[in-house]
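First comes the structure, then the notes that go with it.
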Amino acid sequence: MKKAKSTEKHIKDIYTNKLHVTANSSLDKRVLTNSMNALEKLKDVMSANPQPGIWSTVARSRIAQLAAAAVIIIATCLFFIQQQQTREIKKQEITQTPKSPAELTTFASLSFAYRQGGMEMVEEMCDKALKMAGPRPASVSMQEFFEEINNGNSERKEL
Amino acid sequence: MKANNRIKLVCCLWIGLTILILHSSAFALPADPDNAALLYYQAFCVYEKPDDSMKDMVGDLAKGNIEPNPTIAKYIESCRPAIKLAENAGELGKCDWGVRYSDGLDAQASYLAQTRMLTYIILADARIALSQADYDLAIERCLTARKLGIDVGQDPLVVGYLVEKAIEKLTNKCVQEILSADVMDLQTLQQLQEQLDELDSRIKPVEFFLETEQEVMAMYITPEKIQQVLPWIDPEEGGFVNVPANTRKYILDADADFCRRNRAYYDRYWCELFSAFNLPYHQAYNKLKELDKKTAEDYKENPDAFIAMLLGPAAWKIYSNGIQSETSSNAVKTAIELYIIKAQTGKLPDTLPTGMPKDLFTGKDFEYEKTTDGFTLRCQGKDLDKDETYEYEFKVKK
């Protein structure tokens with residue numbers, strides 16, 4: 001508010017003969033020099049702080065913002081769809097893997113494996129079945145076996 | 001008095017005999033199993049299951065790809081009880097794996113997976129024995145492996161036949177190397193020849209296996225059962241992938257009429273298939289291959305060919321595989337004959353004697369060539385499936 005009042009007073013002063021300016025060539029020259037200096041300064045400031053270019057202008061436009069939003073939404077949707085498909089493929093792979101070694105060694109598994117990939121595939125299925133059956137614990141000596149039994153008995157007695 | 005004494009004597013004898021019978025039966029052991037499969041199943045249970053790297057090493061050693069080393073030798077030593085059981089099993093003439101064929105496609109054949117590993121263990125032991133110059137033990141192990149293969153082939157499963165043939169090839173490779181040491185005397189060679197001939201008499205022809213395949217698959221050509229095939233072949237249900245796109249639709253829409261027409265086509269397909277086995281190798285192979293191609297082409301215009309196309313075996317491959325293994329056995333038998341001649345005369349013959357086992361790719365004798373360090377037996381015809389001509393090298397001591 002104060003600023004507005006001071007501006008109003010300043011304008012009043014100009015129009016109530018408080019401003020005494022005599023127009024001559026030196027004044028014109030001074031005004032022109034000041035203006036040119038001011039213009040030069042402005043150029044420097046502008047080059048130091050560049051104004052937004054065409055992309056910024058486009059980005060500020062409402063249509064561009066809507067388009068960008070649409071692209072983001074579509075991209076997000078596509079990403080989720082792709083993720084879903086990947087999950088489905090993984091799920092299919094899991095269902096394709098038989099649950100037990102027994103399933104790998106049925107008449108059908110081995111017969112169709114041979115049709116599909118020959119003896120190599122049958123051997124692969126057999127290997128997989130053995131692997132799924134898992135390695136047996138290494139053999140224990142009789143001494144170790146009895147020690148284990150004795151330990152078990154002493155633990156039971158303590159209980 | 002005399003009569004009384006006689007009665008007393010008879011009574012005493014009778015009581016004595018009864019006590020003797022009761023006594024002897026009370027202490028008689030139960031009979032050992034007469035079914036080799038029972039012993040093989042026990043062998044599968046008692047060998048220490050190897051980890052991946054040991055399994056690979058044992059397999060590579062059995063195939064002759066690597067030399068024995070102490071780590072493998074230690075592992076094989078731990079498998080001794082399993083080898084012993086397999087050896088005992090091989091002595092029995094009967095082997096019934098107890099497959100429930102009435103279960104159709106779900107019938108269990110897990111023994112096939114276990115058999116491979118047991119074969120590797122036995123042949124790895126043979127190669128360890130060979131590396132220690134214990135040739136008798138090496139040959140003994142090879143025969144045990146060969147018997148295991150033949151026992152696998154006593155059940156009419158096509159995959160069993162293929163496993164049998166794979167074991168046959170592996171064993172022949174090992175026997176070939178043992179023979180190449182050229183240390184067997186005449187008697188040992190003759191014994192080996194007799195044993196191999198005896199084993200050959202137990203080998204079943206490929207038709208024996210294919211007949212069961214035909215019957216098992218035929219069980220599924222009904223509207224009620226055909227859908228049970230889907231999980232094995234349809235990728236949507238986790239099955240195998242190389243089937244025509246409309247497989248699922250055909251199976252789901254299959255009615256009695258569709259199945260009847262397909263069954264008729266399927267039976268004709270099998271008749272043609274079996275007739276091919278009476279032909280010489282090249283003609284048989286081409287006919288089987290042509291039959292497969294014809295069925296696949298027929299199917300494009302004739303839905304009656306659908307099940308034959310879908311469930312028909314890759315017969316040309318099975319047949320060729322069998323011929324390859326049997327030819328390798330014939331090469332070994334021919335080589336034994338040549339080693340016998342060498343043991344008798346002190347040198348290899350210049351030409352192959354007559355009446356030798358044949359190269360089954362041509363039905364002719366092997367091509368015999370003496371080399372600087374032994375001899376080579378070469379097939380005169382190609383394995384059409386693998387596009388390869390086989391030759392078998394044997395060495396002799398100078």
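Following the order of the structure tokens, first chain is A, next is B, and so on, with residues numbered from 1 inside each chain and ligands from 1 in the order they appear.
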Sorted per-residue table, chain B near chain A, closest atoms and distance, 7 Å, only C-alpha atoms, as CSV:
```
residue,atom,partner,partner_atom,distance
B:Glu48,CA,A:Arg136,CA,5.9
B:Lys49,CA,A:Pro135,CA,4.6
B:Pro50,CA,A:Pro135,CA,5.9
B:Asp51,CA,A:Pro135,CA,6.1
B:Leu105,CA,A:Ala108,CA,4.5
B:Asp106,CA,A:Thr106,CA,5.4
B:Ala107,CA,A:Phe107,CA,5.3
B:Gln108,CA,A:Thr106,CA,4.5
B:Ala109,CA,A:Thr105,CA,5.4
B:Ser110,CA,A:Thr105,CA,4.9
B:Ala113,CA,A:Cys126,CA,4.4
B:Val159,CA,A:Ser111,CA,6.4
B:Trp232,CA,A:Ala108,CA,6.9
B:Gly238,CA,A:Gln96,CA,4.1
B:Gly239,CA,A:Gln96,CA,6.5
B:Pro313,CA,A:Arg115,CA,6.7
B:Ala314,CA,A:Arg115,CA,6.0
```
Quick check, in Å to one decimal: how far apart do CA of Gly149 in chain B and CA of Gln114 in chain B lie?
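One can read the CA of Gly149 in chain B to CA of Gln114 in chain B distance as 12.0 Å.
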